[in-house]
Structures are given as C-alpha cells and as structure tokens.
Amino acid sequence: MTMRAVLQHLYLVGAASVLTMIFGSILGVAAYLYKSLRGGVLWLVDVLQTIPVLALLGVIMIFFGATSTTVIIGIVLYSLLPMVRNTYIGLEGVDPAIKEAAQGMGMTKWQRLLKIELPLAFPIIFTGIRIAVVTSIGIAVFGAVVGGGGLGSTINRAILIQDMGTLMQATFALMGMAMFFDFGMSYIEKRLQSR
Amino acid sequence: MITFTNVSKKYDEITVVDELNLSIEDGEFVILIGPSGCGKTTTLKMINKLIEMDKGEIHIDDKNISDINGDELRREIGYVIQQIGLFPNLTIKENILVVPRLLKWKEEKCDKRVHELLELVGMPYEENAMKYPNELSGGQQQRIGVLRALAGEPPIILMDEPFGALDPVTRESLQDELKVLQKKLHKTIIFVTHDMEEALKMADKIVFMSDGKILQVASPEEMLANPADSLITDFMGRHAVTTEEQYHDLTCKEVMFKELIFVSETEKPLEVASKIKKSDHDMAVIVDENAAPKGVVTLDLIKQFQQADKKIVEIADTEVEKVSENKLAKDAFNQMIKDNKNYLLVMDDKNKVTGLITRDVITNSLARLVWGDMDWAL
Ligand SMILES: Nc1ncnc2c1ncn2[C@@H]1O[C@H](COP(=O)(O)OP(=O)(O)OP(=O)(O)O)[C@@H](O)[C@H]1O
Ligand SMILES: [Mg+2]
C-alpha cells in the first residue's frame with residue numbers, strides 16, 4: 001500500500017464532498033423554498049440511492065470514461081440524499097415564530113434564508129455533511145472498478161495476488177479514515193448543537 | 001391614521017374577517033379583543049401584509065397598502081409576537097438592529113439607537129448588548145422584542161398577545177412600561193389580547209370582535225358602563241358574582257378604602273409625607289385629639305406648599321365633604337361627580353372617620369360590577 005493511494009482516496013472523497021455540499025445545499029434550499037420542486041427533488045435523491053453503486057458507476061462511465069471524474073460524480077450522486085434531506089429538514093424545522101418575526105421585520109425571502117434560517121439550520125445540515133463524507137469514503141472504494149484509483153485499487157490488487165498484509169493495511173486505513181471523520185465531525189456537531 | 005374599508009378574509013369559503021370597517025388615529029392605543037378564533041390575529045396581520053386580504057382596502061395615512069411592497073411596508077411597522085421570536089444566532093444588539101440595518105442606517109446611528117433603547121427599559125448596554133437571547137429571562141427577552149419593534153422608529157407597532165406567555169408579575173410590569181413608552185413616544189399601537197383586564201388597563205380604544213365582525217368600538221370606561229352585546233358582558237364578567245341590583249344597593253361602607261392613615265393636626269408636613277409614602281395611598285386624614293376629622297392632605301398638596309415649619313393642618317384641605325357609612329354608594333358617587341370632588345370622607349354614626357371614597361373607588365366598584373369581587377387595583 002502506498003501513501004499515494006491514501007491521498008488519492010482522500011482526494012476523491014474531498015472533491016466529491018465539496019460538490020455534494022454545493023449541489024446538496026442548493027437542492028435542499030430549492031426543495032424548501034419552492035413547493036412545486038419539493039416532491040421531485042426529494043424523490044430523486046431517494047431513488048438515486050436505491051441504484052446499485054456499480055450500476056450507477058457503469059452508466060456514468062459511458063459518458064466520462066474510466067476516470068476519476070466518473071468516480072467523483074458517482075460518489076456525489078450517491079451521497080446527495082443525506083445532504084439534501086438534512087438541508088431541507090433543517091430549514092423546515094426552524095421555529096415558525098422566528099421565521100414569522102424575521103418576515104415581520106421586513107426581511108426579504110433571501111435575507112431570511114441567509115441571515116436567519118441557514119445559520120439556525122446549520123447543525124442539522126452539518127450532520128448531513130458528516131453522513132455524506134463518511135458514506136463517500138466507502139463508496140470511493142468501488143471507484144477502482146472504473147479506474148478511479150484510491151484504496152479500492154490497492155485492495156483489488158491485494159486480493160488478486162493474495163497479499164494479506166496489504167489487504168489488512170488498506171482496510172485499516174479505510175476504517176481509520178472513516179472513524180477519524182466520523183468522530184471528528186461528531187464532535188463539531190455536538191459543539192454546534194449545544195450553542 | 002389607519003383605515004379599514006370593508007376588509008374581508010376567507011379561508012376556503014370560511015369568512016374569518018367579514019366586511020371590517022375601522023379607523024385608528026395616530027398615537028392611539030387600540031386593543032383588539034374577542035373570543036379565540038374571532039379573527040384578531042388575521043386582522044392585525046393584514047395591516048403589515050403578512051396576510052393578504054381578499055376584499056376591501058386598508059389605508060395608512062392616504063396610502064393604500066396594496067400599492068406598497070410587503071417587505072418595505074413591514075420595515076415601517078413594528079411587530080411583536082407572543083412567542084417573542086428573537087433570533088437565537090444573533091446578539092441582543094444585532095437583534096435590535098435588524099430593522100435599522102435593513103433600512104441601511106449608518107453605524108454610529110445604529111450604535112446610538114441601541115444604547116438609547118436599552119436605557120429605555122433599564123437594561124444597561126454593557127451588561128446586555130453582547131448577550132444572546134437564551135441568556136435572558138422571558139420578561140427581558142420580550143422587552144428586547146419590544147425594542148426590536150421600536151428600533152427602526154416606526155410610527156405604528158403591531159403586537160399580538162405580546163405578554164400572553166409571561167408570568168403575571170412580569171406581565172404587569174411590562175404592561176406598565178409599555179404604557180409609559182407609548183405615552184412618551186406617541187406611537188400608534190394595535191395590540192391583540194384576549195385578556196379584558198389588560199385591555200381595560202392599556203387601551204385608549206377597545207375593538208371587540210366576534211366571528212370576524214366588530215361588535216363594539218369604545219373606550220374602556222364606556223365599554224364597562226355600556227357593553228353593546230351580551231357576549232361583551234360575558235367576556236368582562238367571566239368571574240362576576242355581583243349583579244347589577246346588588247351594585248345599586250351597595251353602601252359607602254362596602255366600597256370605601258378602609259386602611260386610612262391618620263395624622264394629628266400638629267405634625268410637620270415632611271413627617272406626614274413620609275408616612276403617606278410608606279402606604280398604598282397618596283393621602284392622609286388629619287384628626288384632632290377626639291378623632292374628629294379636620295381635613296385631608298394629599299402628597300400633591302404637601303409638594304405644593306414646601307414649607308417645612310408649618311403645621312400640617314395649615315396646608316390641608318379642610319373643606320372635605322362627608323357622607324354617612326350607610327349612604328348608598330351610587331348617591332355618594334353622584335355627589336362627588338356633581339361637586340367635582342376627588343374624595344369624600346366616610347363617617348360612622350359617632351362622627352368618627354371610618355373610610356375614604358376616591359375616584360379610584362368608583363372605578364373599582366364599576367369594575368366589580370362586571371368582574372365580581374376580585375382585587376382590582378388601579
Ligand atoms: N392559515 C389558515 N388556514 C385556515 N384557517 C385559518 C388560517 N389561519 C387562521 N384560520 C382560521 O381563521 C380564524 C381566525 O383566526 P385568527 O388567528 O385571526 O383568530 P384569533 O382571533 O387571533 O384567535 P386566537 O385568540 O386564538 O389567537 C380561526 O377560525 C382560524 O381557525
Ligand atoms: Mg391570535
């Protein structure tokens with residue numbers, strides 16, 4: 001196992017997470033603001049998660065070939081659900097009295113969203129980010145199948161040549177990575193919620 | 001001035017505000033009251049367009065509010081709700097400054113405004129401005145809620161049961177503060193409540209609603225004296241035990257203030273003033289050594305004649321009218337109003353003073369007529 005594989009894995013996860021956060025929050029906000037979009041958006045991200053990862057990657061590969069782009073897109077589509085859902089639920093869950101006060105003060109829809117509703121929903125949105133990140137660490141492993149590299153490739157090769165040592169190392173690296181992000185982000189989450 | 005002209009609001013064919021006509025003068029404290037679901041909140045929120053009316057027009061001064069953008073309109077109208085709704089992610093200062101910032105005030109003006117507002121409710125800037133709402137008590141939070149509504153200097157403030165969730169003691173002190181603020185700042189306040197006691201205490205004008213319609217618009221005194229509908233009587237008299245007949249039979253003895261302060265003729269004004277200040281009243285009765293009344297002295301009188309060396313009897317009002325304990329209270333009230341007196345001494349048959357009837361006593365008795373016997377301190 002090389003450090004390169006670990007870094008590559010982190011790159012896939014990082015890039016995908018950033019994109020998930022961007023698209024997930026946009027979709028979540030859209031579902032919150034526009035009733036007409038709500039059903040469609042929430043249904044779509046739900047359905048995406050029911051598609052088997054390998055099938056999803058296969059389909060994306062048709063367009064983007066066996067590249068890390070394909071893996072990143074796959075991870076994003078797969079981890080959108082927690083991000084979108086938590087953004088929507090977080091915004092929806094802000095105390096109606098606070099929303100009414102904000103509106104009653106004369107804040108526009110966007111001022112309310114940016115200054116009041118998103119900051120108040122942030123702890124829940126952050127939980128969505130954590131779930132998305134941890135999920136994508138696992139999903140990135142499948143990236144090896146479509147030539148995305150990362151720890152998935154290391155594991156694949158180790159299985160082929162029956163190299164137990166490398167297999168164990170790669171597995172522990174993955175577990176460590178997942179646990180690091182999970183615990184670290186849970187800690188931040190607790191801090192956010194206790195505010 | 002705010003005018004409602006034939007304003008109606010429906011929710012799925014159910015009319016919740018029905019052809020409402022109402023006008024509210026500048027600087028008036030108007031209370032909307034009525035049973036739950038009668039349309040008070042709906043009426044209030046149509047003024048700042050949080051709810052759009054279906055029919056009719058509302059004018060503020062001579063502008064039709066349907067011609068004004070909702071967000072802009074709301075920046076010019078203060079709004080206070082029962083749930084307070086301070087923004088938990090903002091400090092007290094930032095909460096207060098929401099509207100001034102929306103109105104793009106200069107930073108110095110904002111700063112000055114926060115100082116001045118916090119001062120107004122006796123919450124020092126240094127101690128409170130940088131706190132977050134959850135560090136304040138409920139009463140303090142709603143004070144900030146009121147300040148937030150005042151911050152942008154709106155001429156009109158809408159309040160929907162603002163003190164409904166507070167404990168009685170806090171509620172009462174906020175009521176008192178609001179009344180003082182309103183007098184001082186000369187704001188037009190439209191205030192929703194379902195507490196008649198609050199309405200009578202605060203309002204210049206009470207609007208009684210039922211089923212989306214106005215049953216009566218009247219001053220508190222007038223509504224107490226002449227309720228236009230049996231529903232209003234019920235509403236005011238929820239705890240009533242005294243019937244009108246009993247009221248007509250009440251004697252002076254039954255309505256008078258009994259806890260009098262007696263002072264002797266020779267006492268010095270300052271001693272008397274301090275005795276009066278320690279009591280709940282603002283006057284004392286002067287008696288001679290035989291307990292016969294010589295006059296009445298009020299704090300105001302003492303203040304007017306600040307001559308410490310005089311005897312109290314020299315500055316007292318010695319021309320006080322007297323009535324017998326057994327006289328009917330309503331006759332005593334009539335006499336007082338006819339002679340334009342502020343108080344009467346009540347005497348027993350041995351010519352001893354036993355009580356005092358003041359203007360407050362009249363109000364209390366009137367209140368007792370509709371509420372029954374409760375401690376109605378004005
Ligand atoms: N969004 C809504 N959809 C349907 N009906 C509504 C809606 N809002 C209010 N109503 C109904 O309109 C009527 C008037 O409501 P409103 O809130 O104005 O009453 P209220 O006098 O303020 O009552 P309360 O004293 O309980 O606050 C009620 O019967 C209520 O159920
Ligand atoms: Mg209401």
# chains A, B, ... in the order shown; residues from 1 in each chain; ligands from 1
call {"tool": "residues_near_ligand", "arguments": {"ligand": "ligand 2", "cutoff": "9 Å", "atoms": "only C-alpha atoms and all ligand atoms", "output": "number ranges by chain"}}
result
B: 36-42, 44, 160-161, 192-194
call {"tool": "interface_residues", "arguments": {"of": "chain B", "to": "chain A", "cutoff": "9 Å", "atoms": "only C-alpha atoms", "output": "list in words"}}
result
Asn48, Lys49, Leu50, Gly70, Asp71, Glu72, Leu73, Arg74, Arg75, Glu76, Ile77, Gly78, Tyr79, Val80, Ile81, Gln82, Gln83, Ile84, Gly85, Leu86, Phe87, Pro88, Asn89, Leu90, Val98, Val99, Leu102, Arg148 and Ala149 of chain B
call {"tool": "atom_distance", "arguments": {"atom1": "CA of Phe23 (chain A)", "atom2": "CA of Arg38 (chain A)"}}
result
14.9 Å
call {"tool": "atom_distance", "arguments": {"atom1": "CA of Thr171 (chain A)", "atom2": "CA of Leu151 (chain A)"}}
result
8.4 Å
call {"tool": "atom_distance", "arguments": {"atom1": "CA of Ile24 (chain B)", "atom2": "CA of Asp61 (chain B)"}}
result
10.1 Å
call {"tool": "residues_around", "arguments": {"residues": "Thr318 (chain B)", "least_positions_apart": "4", "cutoff": "12 Å", "atoms": "only C-alpha atoms", "output": "compact mmCIF listing (two decimals) with N, CA and C atoms, in the first residue's frame"}}
result
# COMPACT_ATOMS: atom_id res chain seq x y z
N GLU B 265 -53.04 67.11 64.00
CA GLU B 265 -53.01 68.45 63.42
C GLU B 265 -51.64 69.09 63.44
N VAL B 285 -55.58 61.48 56.50
CA VAL B 285 -56.67 62.21 57.13
C VAL B 285 -56.14 62.84 58.42
N ILE B 286 -56.44 64.15 58.59
CA ILE B 286 -55.98 64.83 59.79
C ILE B 286 -57.10 64.83 60.82
N VAL B 287 -56.77 64.38 62.02
CA VAL B 287 -57.80 64.30 63.07
C VAL B 287 -57.32 65.07 64.31
N PRO B 293 -62.49 64.57 62.37
CA PRO B 293 -61.70 64.93 61.19
C PRO B 293 -61.55 66.43 61.02
N LYS B 294 -60.35 66.86 60.69
CA LYS B 294 -60.08 68.27 60.46
C LYS B 294 -59.82 68.56 58.99
N GLY B 295 -59.48 67.54 58.25
CA GLY B 295 -59.20 67.75 56.83
C GLY B 295 -58.45 66.59 56.23
N VAL B 296 -58.11 66.75 54.96
CA VAL B 296 -57.39 65.71 54.24
C VAL B 296 -56.19 66.37 53.60
N VAL B 297 -55.06 65.68 53.63
CA VAL B 297 -53.91 66.23 52.95
C VAL B 297 -53.36 65.20 51.97
N THR B 298 -53.06 65.67 50.77
CA THR B 298 -52.52 64.76 49.76
C THR B 298 -51.04 65.07 49.56
N LEU B 301 -50.52 68.22 47.68
CA LEU B 301 -50.64 69.44 48.47
C LEU B 301 -49.35 69.74 49.21
N ILE B 312 -49.30 70.74 59.69
CA ILE B 312 -49.93 70.11 58.55
C ILE B 312 -51.33 70.65 58.30
N VAL B 313 -52.01 71.00 59.38
CA VAL B 313 -53.41 71.42 59.23
C VAL B 313 -53.50 72.73 58.44
N GLU B 314 -52.40 73.49 58.45
CA GLU B 314 -52.44 74.77 57.74
C GLU B 314 -52.42 74.62 56.23
N LYS B 322 -68.45 65.19 53.69
CA LYS B 322 -68.56 63.96 54.47
C LYS B 322 -69.84 63.24 54.10
N LEU B 344 -64.22 61.89 49.28
CA LEU B 344 -65.21 62.16 50.33
C LEU B 344 -64.76 61.39 51.57
N LEU B 345 -65.04 61.96 52.74
CA LEU B 345 -64.78 61.22 53.97
C LEU B 345 -66.04 60.45 54.34
call {"tool": "residues_around", "arguments": {"residues": "Gly90 (chain A)", "least_positions_apart": "4", "cutoff": "7 Å", "atoms": "only C-alpha atoms", "output": "list in words"}}
result
Asn86, Val94, Ala121, Ile124 and Ile125 of chain A
call {"tool": "residues_around", "arguments": {"residues": "Leu174 (chain A)", "least_positions_apart": "2", "cutoff": "10 Å", "atoms": "only C-alpha atoms", "output": "VMD selection string"}}
result
chain A and resid 6 9 to 10 137 to 138 141 151 to 152 168 to 172 176 to 180
call {"tool": "select_by_dssp", "arguments": {"residues": "region 110-240 of chain B", "states": "helix (DSSP H, G or I)", "output": "number ranges by chain"}}
result
B: 110-120, 125-128, 133-135, 138-150, 168-185, 196-202, 220-225, 230-236
call {"tool": "residues_around", "arguments": {"residues": "Leu33 (chain A)", "least_positions_apart": "3", "cutoff": "10 Å", "atoms": "only C-alpha atoms", "output": "PyMOL selection string"}}
result
chain A and resi 27-30+36-38+88+91-92+109-110+113
call {"tool": "write_last_selection", "arguments": {"atoms": "C-alpha atoms", "output": "mmCIF file, in the first residue's frame"}}
result
data_model
loop_
_atom_site.group_PDB
_atom_site.id
_atom_site.type_symbol
_atom_site.label_atom_id
_atom_site.label_comp_id
_atom_site.auth_asym_id
_atom_site.auth_seq_id
_atom_site.Cartn_x
_atom_site.Cartn_y
_atom_site.Cartn_z
ATOM 1 C CA LEU A 27 -31.248 21.263 -3.972
ATOM 2 C CA GLY A 28 -32.190 21.291 -0.286
ATOM 3 C CA VAL A 29 -32.838 25.035 -0.333
ATOM 4 C CA ALA A 30 -34.803 24.680 -3.569
ATOM 5 C CA SER A 36 -43.506 22.718 -6.647
ATOM 6 C CA LEU A 37 -39.962 21.298 -6.714
ATOM 7 C CA ARG A 38 -40.054 19.685 -3.298
ATOM 8 C CA TYR A 88 -34.462 20.633 3.754
ATOM 9 C CA LEU A 91 -34.690 24.718 7.209
ATOM 10 C CA GLU A 92 -38.185 23.366 7.575
ATOM 11 C CA LYS A 109 -37.003 35.812 1.463
ATOM 12 C CA TRP A 110 -33.258 35.636 0.727
ATOM 13 C CA LEU A 113 -32.599 32.440 4.380
#
call {"tool": "decode", "arguments": {"residues": "region 106-125 of chain A", "atoms": "N, CA, C and O atoms", "output": "compact mmCIF listing (two decimals), in the first residue's frame"}}
result
# COMPACT_ATOMS: atom_id res chain seq x y z
N GLY A 106 -39.52 42.68 8.07
CA GLY A 106 -39.31 43.21 6.72
C GLY A 106 -38.10 42.65 6.01
O GLY A 106 -37.59 43.25 5.07
N MET A 107 -37.62 41.47 6.46
CA MET A 107 -36.52 40.83 5.72
C MET A 107 -37.09 40.15 4.48
O MET A 107 -38.16 39.54 4.53
N THR A 108 -36.36 40.22 3.37
CA THR A 108 -36.81 39.54 2.16
C THR A 108 -36.57 38.04 2.34
O THR A 108 -35.87 37.61 3.25
N LYS A 109 -37.13 37.27 1.41
CA LYS A 109 -37.00 35.81 1.46
C LYS A 109 -35.53 35.39 1.55
O LYS A 109 -35.17 34.53 2.34
N TRP A 110 -34.67 36.03 0.76
CA TRP A 110 -33.26 35.64 0.73
C TRP A 110 -32.52 36.12 1.95
O TRP A 110 -31.62 35.44 2.46
N GLN A 111 -32.87 37.31 2.45
CA GLN A 111 -32.25 37.78 3.69
C GLN A 111 -32.58 36.84 4.85
O GLN A 111 -31.72 36.51 5.66
N ARG A 112 -33.83 36.41 4.88
CA ARG A 112 -34.23 35.49 5.94
C ARG A 112 -33.43 34.19 5.83
O ARG A 112 -32.94 33.66 6.82
N LEU A 113 -33.30 33.69 4.60
CA LEU A 113 -32.60 32.44 4.38
C LEU A 113 -31.14 32.54 4.82
O LEU A 113 -30.64 31.70 5.56
N LEU A 114 -30.47 33.60 4.39
CA LEU A 114 -29.03 33.70 4.62
C LEU A 114 -28.69 34.11 6.04
O LEU A 114 -27.74 33.61 6.63
N LYS A 115 -29.48 35.04 6.62
CA LYS A 115 -29.10 35.57 7.92
C LYS A 115 -29.71 34.79 9.09
O LYS A 115 -29.16 34.81 10.17
N ILE A 116 -30.84 34.19 8.85
CA ILE A 116 -31.53 33.54 9.97
C ILE A 116 -31.67 32.03 9.76
O ILE A 116 -31.22 31.24 10.58
N GLU A 117 -32.29 31.64 8.67
CA GLU A 117 -32.71 30.25 8.56
C GLU A 117 -31.53 29.29 8.35
O GLU A 117 -31.42 28.28 9.04
N LEU A 118 -30.63 29.62 7.42
CA LEU A 118 -29.47 28.73 7.23
C LEU A 118 -28.59 28.64 8.47
O LEU A 118 -28.22 27.54 8.88
N PRO A 119 -28.25 29.78 9.12
CA PRO A 119 -27.45 29.65 10.34
C PRO A 119 -28.13 28.78 11.41
O PRO A 119 -27.47 27.99 12.08
N LEU A 120 -29.45 28.92 11.53
CA LEU A 120 -30.14 28.14 12.56
C LEU A 120 -30.24 26.67 12.16
O LEU A 120 -30.27 25.79 13.01
N ALA A 121 -30.32 26.42 10.86
CA ALA A 121 -30.44 25.03 10.40
C ALA A 121 -29.07 24.36 10.34
O ALA A 121 -28.98 23.15 10.16
N PHE A 122 -27.99 25.14 10.50
CA PHE A 122 -26.67 24.60 10.21
C PHE A 122 -26.29 23.34 10.99
O PHE A 122 -25.71 22.42 10.41
N PRO A 123 -26.60 23.23 12.28
CA PRO A 123 -26.23 22.00 12.97
C PRO A 123 -26.80 20.75 12.28
O PRO A 123 -26.10 19.74 12.15
N ILE A 124 -28.03 20.83 11.82
CA ILE A 124 -28.63 19.67 11.16
C ILE A 124 -28.01 19.46 9.77
O ILE A 124 -27.75 18.33 9.36
N ILE A 125 -27.75 20.56 9.09
CA ILE A 125 -27.10 20.45 7.78
C ILE A 125 -25.72 19.82 7.95
O ILE A 125 -25.30 18.97 7.16
